[in-house]
$ cat my_file.cif   # mmCIF, C-alpha atoms and all ligand atoms
data_work
loop_
_atom_site.group_PDB
_atom_site.id
_atom_site.type_symbol
_atom_site.label_atom_id
_atom_site.label_comp_id
_atom_site.auth_asym_id
_atom_site.auth_seq_id
_atom_site.Cartn_x
_atom_site.Cartn_y
_atom_site.Cartn_z
ATOM 1 C CA MET Q 78 36.086 20.974 1.592
ATOM 2 C CA GLY Q 79 39.120 19.180 0.180
ATOM 3 C CA ARG Q 80 41.650 21.657 1.530
ATOM 4 C CA ALA Q 81 40.438 21.724 5.100
ATOM 5 C CA MET Q 82 40.097 17.949 5.242
ATOM 6 C CA ARG Q 83 43.560 17.347 3.941
ATOM 7 C CA GLY Q 84 44.975 19.845 6.440
ATOM 8 C CA GLY Q 85 43.355 17.929 9.272
ATOM 9 C CA THR Q 86 44.642 14.615 7.992
ATOM 10 C CA CYS Q 87 48.079 16.121 7.733
ATOM 11 C CA VAL Q 88 48.115 17.123 11.396
ATOM 12 C CA ILE Q 89 46.969 13.665 12.483
ATOM 13 C CA VAL Q 90 49.587 12.009 10.319
ATOM 14 C CA ALA Q 91 52.212 14.380 11.699
ATOM 15 C CA THR Q 92 51.253 13.524 15.253
ATOM 16 C CA LEU Q 93 51.383 9.789 14.595
ATOM 17 C CA LEU Q 94 54.462 9.545 12.484
ATOM 18 C CA LEU Q 95 56.539 12.483 13.723
ATOM 19 C CA ALA Q 96 59.687 12.382 11.617
ATOM 20 C CA GLY Q 97 58.360 10.982 8.349
ATOM 21 C CA ALA Q 98 55.231 13.085 8.436
ATOM 22 C CA SER Q 99 56.713 16.427 7.470
ATOM 23 C CA VAL Q 100 57.956 14.890 4.229
ATOM 24 C CA ALA Q 101 54.578 13.273 3.612
ATOM 25 C CA CYS Q 102 52.809 16.594 4.074
ATOM 26 C CA HIS Q 103 55.089 18.695 1.944
ATOM 27 C CA HIS Q 104 53.442 18.087 -1.387
ATOM 28 C CA GLU Q 105 50.194 19.514 -0.079
ATOM 29 C CA ASN Q 106 49.373 22.296 2.342
ATOM 30 C CA ALA Q 107 53.011 22.814 3.274
ATOM 31 C CA TRP Q 108 53.847 26.027 5.088
ATOM 32 C CA PRO Q 109 53.235 28.863 4.308
ATOM 33 C CA GLU Q 110 49.867 27.712 2.907
ATOM 34 C CA GLY Q 111 49.394 25.204 5.715
ATOM 35 C CA SER Q 112 50.625 25.401 9.286
ATOM 36 C CA PRO Q 113 54.297 24.749 10.125
ATOM 37 C CA GLN Q 114 55.221 21.049 10.308
ATOM 38 C CA THR Q 115 58.921 21.352 11.080
ATOM 39 C CA GLU Q 116 61.026 23.377 13.518
ATOM 40 C CA ASP Q 117 62.462 25.342 10.615
ATOM 41 C CA GLU Q 118 59.007 26.190 9.285
ATOM 42 C CA GLN Q 119 57.949 27.263 12.766
ATOM 43 C CA LEU Q 120 61.028 29.472 13.070
ATOM 44 C CA ALA Q 121 60.385 30.937 9.612
ATOM 45 C CA GLN Q 122 56.789 31.714 10.540
ATOM 46 C CA ASP Q 123 57.811 33.295 13.850
ATOM 47 C CA THR Q 124 60.507 35.328 12.115
ATOM 48 C CA TRP Q 125 58.077 36.576 9.468
ATOM 49 C CA ARG Q 126 55.472 37.498 12.065
ATOM 50 C CA ASN Q 127 57.739 39.025 14.700
ATOM 51 C CA ARG Q 128 60.413 40.617 12.554
ATOM 52 C CA CYS Q 129 59.677 41.009 8.859
ATOM 53 C CA SER Q 130 56.014 41.955 8.949
ATOM 54 C CA GLU Q 131 56.892 44.833 11.283
ATOM 55 C CA CYS Q 132 58.079 46.683 8.151
ATOM 56 C CA HIS Q 133 56.864 44.622 5.200
ATOM 57 C CA GLY Q 134 53.366 44.038 6.540
ATOM 58 C CA LYS Q 135 51.630 40.782 7.342
ATOM 59 C CA PHE Q 136 50.752 40.256 3.660
ATOM 60 C CA GLY Q 137 53.937 41.830 2.288
ATOM 61 C CA GLU Q 138 52.260 44.918 0.936
ATOM 62 C CA GLY Q 139 54.951 47.160 2.433
ATOM 63 C CA ASN Q 140 52.637 48.564 5.062
ATOM 64 C CA GLY Q 141 53.821 47.117 8.377
ATOM 65 C CA PRO Q 142 53.298 49.125 11.591
ATOM 66 C CA THR Q 143 56.776 50.739 11.409
ATOM 67 C CA ALA Q 144 56.879 51.190 7.615
ATOM 68 C CA HIS Q 145 55.931 54.844 7.882
ATOM 69 C CA THR Q 146 59.070 55.583 9.938
ATOM 70 C CA LEU Q 147 61.365 54.342 7.124
ATOM 71 C CA LYS Q 148 62.967 56.566 4.495
ATOM 72 C CA ALA Q 149 62.856 53.733 1.949
ATOM 73 C CA LYS Q 150 59.376 52.311 1.808
ATOM 74 C CA PRO Q 151 59.396 48.496 1.622
ATOM 75 C CA ARG Q 152 58.165 47.463 -1.802
ATOM 76 C CA ASN Q 153 54.987 45.556 -2.457
ATOM 77 C CA PHE Q 154 55.781 41.822 -2.413
ATOM 78 C CA THR Q 155 52.345 41.019 -3.865
ATOM 79 C CA ASP Q 156 53.331 42.584 -7.219
ATOM 80 C CA PRO Q 157 53.705 39.776 -9.809
ATOM 81 C CA GLU Q 158 56.053 41.884 -11.977
ATOM 82 C CA TRP Q 159 58.414 42.436 -9.054
ATOM 83 C CA GLN Q 160 58.228 38.719 -8.196
ATOM 84 C CA LYS Q 161 59.321 37.807 -11.734
ATOM 85 C CA SER Q 162 62.220 40.253 -11.635
ATOM 86 C CA GLU Q 163 63.880 38.692 -8.576
ATOM 87 C CA LYS Q 164 65.871 35.485 -8.210
ATOM 88 C CA ASP Q 165 65.464 33.372 -5.070
ATOM 89 C CA GLU Q 166 69.202 33.579 -4.319
ATOM 90 C CA GLU Q 167 69.132 37.378 -4.393
ATOM 91 C CA LEU Q 168 66.209 37.566 -1.999
ATOM 92 C CA GLU Q 169 67.951 35.095 0.301
ATOM 93 C CA ALA Q 170 71.122 37.177 0.241
ATOM 94 C CA VAL Q 171 69.249 40.373 1.151
ATOM 95 C CA ILE Q 172 67.560 38.569 4.042
ATOM 96 C CA LEU Q 173 70.831 37.221 5.457
ATOM 97 C CA LEU Q 174 73.223 40.095 4.636
ATOM 98 C CA GLY Q 175 70.850 43.043 4.872
ATOM 99 C CA GLY Q 176 69.983 45.780 2.397
ATOM 100 C CA ALA Q 177 73.241 47.749 2.594
ATOM 101 C CA ALA Q 178 75.376 44.777 1.511
ATOM 102 C CA MET Q 179 73.130 44.131 -1.503
ATOM 103 C CA GLY Q 180 72.556 47.658 -2.815
ATOM 104 C CA TYR Q 181 69.231 48.254 -1.094
ATOM 105 C CA SER Q 182 68.362 50.511 1.807
ATOM 106 C CA ALA Q 183 70.395 49.955 4.994
ATOM 107 C CA GLU Q 184 67.057 50.094 6.792
ATOM 108 C CA MET Q 185 66.604 46.468 5.697
ATOM 109 C CA PRO Q 186 68.493 44.792 8.584
ATOM 110 C CA PRO Q 187 70.804 41.769 8.203
ATOM 111 C CA ASN Q 188 69.665 38.560 9.938
ATOM 112 C CA PRO Q 189 72.941 36.751 10.692
ATOM 113 C CA ASP Q 190 71.298 34.524 13.324
ATOM 114 C CA LEU Q 191 69.458 32.737 10.499
ATOM 115 C CA ASN Q 192 72.783 31.316 9.259
ATOM 116 C CA LYS Q 193 72.502 28.815 12.120
ATOM 117 C CA HIS Q 194 69.322 27.471 10.485
ATOM 118 C CA PRO Q 195 70.165 27.202 6.777
ATOM 119 C CA ASN Q 196 66.620 26.223 5.746
ATOM 120 C CA VAL Q 197 65.001 29.313 7.182
ATOM 121 C CA ALA Q 198 66.092 32.022 4.698
ATOM 122 C CA PRO Q 199 64.899 29.835 1.772
ATOM 123 C CA LEU Q 200 61.613 29.297 3.643
ATOM 124 C CA LEU Q 201 61.234 33.063 4.054
ATOM 125 C CA VAL Q 202 61.745 33.380 0.290
ATOM 126 C CA LYS Q 203 59.013 30.767 -0.135
ATOM 127 C CA LYS Q 204 56.799 32.875 2.118
ATOM 128 C CA ILE Q 205 57.533 35.972 0.009
ATOM 129 C CA ARG Q 206 56.735 33.998 -3.174
ATOM 130 C CA SER Q 207 53.407 32.910 -1.679
ATOM 131 C CA LEU Q 208 52.379 36.570 -1.353
ATOM 132 C CA ASP Q 209 52.330 37.086 -5.157
ATOM 133 C CA ARG Q 210 48.737 38.110 -5.802
ATOM 134 C CA SER Q 211 48.707 36.381 -9.208
ATOM 135 C CA ARG Q 212 49.196 32.975 -7.545
ATOM 136 C CA PRO Q 213 46.170 30.727 -7.320
ATOM 137 C CA ARG Q 214 45.069 30.083 -3.752
HETATM 138 C C1 LIG Q 301 63.170 47.779 9.852
HETATM 139 C C2 LIG Q 301 62.326 47.440 8.703
HETATM 140 C C3 LIG Q 301 62.542 46.119 8.011
HETATM 141 C C4 LIG Q 301 62.555 44.854 8.575
HETATM 142 C C5 LIG Q 301 62.393 44.472 10.045
HETATM 143 C C6 LIG Q 301 62.744 43.926 7.483
HETATM 144 N N1 LIG Q 301 62.838 44.606 6.301
HETATM 145 FE FE1 LIG Q 301 63.138 43.779 4.464
HETATM 146 N N2 LIG Q 301 63.372 45.633 3.676
HETATM 147 C C7 LIG Q 301 63.159 46.814 4.325
HETATM 148 C C8 LIG Q 301 63.440 47.916 3.430
HETATM 149 C C9 LIG Q 301 63.308 49.399 3.765
HETATM 150 C C10 LIG Q 301 63.857 47.342 2.206
HETATM 151 C C11 LIG Q 301 64.323 48.101 0.958
HETATM 152 C C12 LIG Q 301 63.182 48.496 0.090
HETATM 153 C C13 LIG Q 301 62.706 47.291 -0.651
HETATM 154 O O1 LIG Q 301 63.434 46.779 -1.497
HETATM 155 O O2 LIG Q 301 61.604 46.815 -0.355
HETATM 156 C C14 LIG Q 301 63.794 45.900 2.384
HETATM 157 C C15 LIG Q 301 64.107 44.977 1.416
HETATM 158 C C16 LIG Q 301 63.881 43.620 1.526
HETATM 159 C C17 LIG Q 301 64.062 42.668 0.467
HETATM 160 C C18 LIG Q 301 64.601 42.965 -0.919
HETATM 161 C C19 LIG Q 301 63.498 43.397 -1.834
HETATM 162 C C20 LIG Q 301 63.992 43.493 -3.240
HETATM 163 O O3 LIG Q 301 63.505 44.338 -3.949
HETATM 164 O O4 LIG Q 301 64.840 42.691 -3.647
HETATM 165 C C21 LIG Q 301 63.705 41.444 0.960
HETATM 166 C C22 LIG Q 301 63.720 40.125 0.224
HETATM 167 C C23 LIG Q 301 63.315 41.647 2.331
HETATM 168 N N3 LIG Q 301 63.429 42.968 2.653
HETATM 169 C C24 LIG Q 301 62.866 40.647 3.169
HETATM 170 C C25 LIG Q 301 62.763 40.792 4.546
HETATM 171 C C26 LIG Q 301 62.551 39.686 5.457
HETATM 172 C C27 LIG Q 301 62.331 38.244 5.051
HETATM 173 C C28 LIG Q 301 62.588 40.216 6.709
HETATM 174 C C29 LIG Q 301 62.515 39.482 8.022
HETATM 175 C C30 LIG Q 301 63.590 38.531 8.266
HETATM 176 C C31 LIG Q 301 62.766 41.642 6.575
HETATM 177 N N4 LIG Q 301 62.855 41.952 5.246
HETATM 178 C C32 LIG Q 301 62.805 42.550 7.635
HETATM 179 C C33 LIG Q 301 62.768 46.955 5.640
HETATM 180 C C34 LIG Q 301 62.717 45.936 6.571
#
$ encode --input "my_file.cif" --output "structure tokens"
Amino acid sequence: MGRAMRGGTCVIVATLLLAGASVACHHENAWPEGSPQTEDEQLAQDTWRNRCSECHGKFGEGNGPTAHTLKAKPRNFTDPEWQKSEKDEELEAVILLGGAAMGYSAEMPPNPDLNKHPNVAPLLVKKIRSLDRSRPR
């Protein structure tokens, strides 16, 4: 019951305190575990849902609706070994610059519009990290 209660409290606090609230909520139930509390988190969630999961799948298993049309199959982001082998900065660079620029498949598109929102690529990395199946949830 703890988790759900705290989530509810968080939303109430966010509504009351607006600006300060997102900071207050970040140590617990922050997105992607909780719901988005900031514009950047909302944008990251929308981007994951509308763009990334198309290929990578909602849960990052590499099985999105268009994955079967790709020559290079998106890898499984839930794999703890893969997670350990990748640095945050590298994942961020692939997201912003695209696969071709970073030695991966050109089918992984660049996302230059995210440069306007510098917190969003790191938040997408956070989302990818949260998909690691060895993480407690
Ligand atoms: C059109 C399909 C497609 C879309 C849309 C897409 N990707 Fe990819 N992505 C790929 C493919 C194919 C690869 C290369 C194979 C691999 O490494 O998984 C890749 C690779 C990656 C990698 C590098 C994986 C590694 O091994 O280092 C990351 C990180 C990534 N994508 C994140 C994202 C994020 C975040 C989004 C949304 C902003 C996104 N992708 C959108 C197809 C896609």
$ residues_near_ligand --input "my_file.cif" --ligand "ligand LIG 301 (chain Q)" --cutoff "9 Å" --atoms "only C-alpha atoms and all ligand atoms" --output "ChimeraX atom specification"
/Q:121,124-133,139,141,143-144,146-154,159-160,162-165,167-173,175-176,179,181-188,191,198,201-202,204-205
$ closest_residue --input "my_file.cif" --among "Q:Asp156, Q:Asp190, Q:Glu166, Q:Glu118" --to "Ser211 of chain Q" --atoms "only C-alpha atoms"
Q:Asp156
$ atom_distance --input "my_file.cif" --atom1 "atom CA of Phe136 of chain Q" --atom2 "atom CA of Pro109 of chain Q"
11.7 Å
$ axis_aligned_box --input "my_file.cif" --around "segment 170-176 of chain Q" --padding-each-side "5 Å" --output "AutoDock Vina command-line options"
--center_x 70.4 --center_y 41.5 --center_z 2.8 --size_x 15.7 --size_y 18.6 --size_z 15.2
$ atom_distance --input "my_file.cif" --atom1 "atom CA of Arg210 of chain Q" --atom2 "atom CA of Pro157 of chain Q"
6.6 Å
$ atom_distance --input "my_file.cif" --atom1 "atom CA of His194 of chain Q" --atom2 "atom CA of Gln119 of chain Q"
11.6 Å
$ closest_residue --input "my_file.cif" --among "Q:Asp209, Q:Asn140, Q:Val197, Q:Ala178" --to "Asp123 of chain Q" --atoms "all atoms listed in the file"
Q:Val197
$ closest_residue --input "my_file.cif" --among "Q:Glu110, Q:His145, Q:Glu138, Q:Lys161" --to "Pro213 of chain Q" --atoms "all atoms listed in the file"
Q:Glu110
$ build_atoms --input "my_file.cif" --residues "segment 133-161 of chain Q" --atoms "N, CA and C atoms" --output "CSV table (one decimal), in the frame of the given file"
chain,number,residue,atom,x,y,z
Q,133,HIS,N,57.4,45.0,6.5
Q,133,HIS,CA,56.9,44.6,5.2
Q,133,HIS,C,55.4,44.4,5.2
Q,134,GLY,N,54.8,44.3,6.4
Q,134,GLY,CA,53.4,44.0,6.5
Q,134,GLY,C,53.1,42.6,6.5
Q,135,LYS,N,52.0,42.2,7.2
Q,135,LYS,CA,51.6,40.8,7.3
Q,135,LYS,C,51.5,40.1,6.0
Q,136,PHE,N,51.0,40.8,5.0
Q,136,PHE,CA,50.8,40.3,3.7
Q,136,PHE,C,51.8,40.8,2.6
Q,137,GLY,N,52.9,41.4,3.2
Q,137,GLY,CA,53.9,41.8,2.3
Q,137,GLY,C,53.6,43.0,1.4
Q,138,GLU,N,52.6,43.8,1.8
Q,138,GLU,CA,52.3,44.9,0.9
Q,138,GLU,C,53.1,46.2,1.2
Q,139,GLY,N,54.1,46.0,2.1
Q,139,GLY,CA,55.0,47.2,2.4
Q,139,GLY,C,54.4,48.1,3.4
Q,140,ASN,N,53.4,47.7,4.2
Q,140,ASN,CA,52.6,48.6,5.1
Q,140,ASN,C,52.6,48.1,6.5
Q,141,GLY,N,53.8,47.5,7.0
Q,141,GLY,CA,53.8,47.1,8.4
Q,141,GLY,C,53.7,48.3,9.3
Q,142,PRO,N,53.5,48.0,10.6
Q,142,PRO,CA,53.3,49.1,11.6
Q,142,PRO,C,54.4,50.1,11.6
Q,143,THR,N,55.7,49.7,11.4
Q,143,THR,CA,56.8,50.7,11.4
Q,143,THR,C,57.2,51.2,10.0
Q,144,ALA,N,56.5,50.8,9.0
Q,144,ALA,CA,56.9,51.2,7.6
Q,144,ALA,C,56.9,52.7,7.4
Q,145,HIS,N,56.0,53.4,8.1
Q,145,HIS,CA,55.9,54.8,7.9
Q,145,HIS,C,57.1,55.6,8.5
Q,146,THR,N,57.9,54.9,9.3
Q,146,THR,CA,59.1,55.6,9.9
Q,146,THR,C,60.3,55.4,9.0
Q,147,LEU,N,60.2,54.6,8.0
Q,147,LEU,CA,61.4,54.3,7.1
Q,147,LEU,C,61.5,55.4,6.0
Q,148,LYS,N,62.7,55.7,5.6
Q,148,LYS,CA,63.0,56.6,4.5
Q,148,LYS,C,62.7,55.8,3.2
Q,149,ALA,N,63.1,54.5,3.1
Q,149,ALA,CA,62.9,53.7,1.9
Q,149,ALA,C,61.6,52.9,2.3
Q,150,LYS,N,60.6,53.1,1.5
Q,150,LYS,CA,59.4,52.3,1.8
Q,150,LYS,C,59.6,50.9,1.3
Q,151,PRO,N,59.3,49.9,2.1
Q,151,PRO,CA,59.4,48.5,1.6
Q,151,PRO,C,58.5,48.3,0.4
Q,152,ARG,N,59.0,47.6,-0.6
Q,152,ARG,CA,58.2,47.5,-1.8
Q,152,ARG,C,57.0,46.5,-1.6
Q,153,ASN,N,56.2,46.4,-2.6
Q,153,ASN,CA,55.0,45.6,-2.5
Q,153,ASN,C,55.3,44.1,-3.0
Q,154,PHE,N,55.4,43.2,-2.0
Q,154,PHE,CA,55.8,41.8,-2.4
Q,154,PHE,C,54.6,41.1,-3.2
Q,155,THR,N,53.5,41.7,-3.2
Q,155,THR,CA,52.3,41.0,-3.9
Q,155,THR,C,52.4,41.3,-5.4
Q,156,ASP,N,53.3,42.2,-5.8
Q,156,ASP,CA,53.3,42.6,-7.2
Q,156,ASP,C,54.0,41.5,-8.1
Q,157,PRO,N,53.2,40.9,-9.0
Q,157,PRO,CA,53.7,39.8,-9.8
Q,157,PRO,C,54.9,40.2,-10.7
Q,158,GLU,N,54.9,41.4,-11.1
Q,158,GLU,CA,56.1,41.9,-12.0
Q,158,GLU,C,57.3,41.9,-11.2
Q,159,TRP,N,57.2,42.4,-9.9
Q,159,TRP,CA,58.4,42.4,-9.1
Q,159,TRP,C,58.9,41.0,-8.8
Q,160,GLN,N,57.9,40.1,-8.5
Q,160,GLN,CA,58.2,38.7,-8.2
Q,160,GLN,C,59.1,38.1,-9.3
Q,161,LYS,N,58.6,38.4,-10.6
Q,161,LYS,CA,59.3,37.8,-11.7
Q,161,LYS,C,60.7,38.4,-11.9
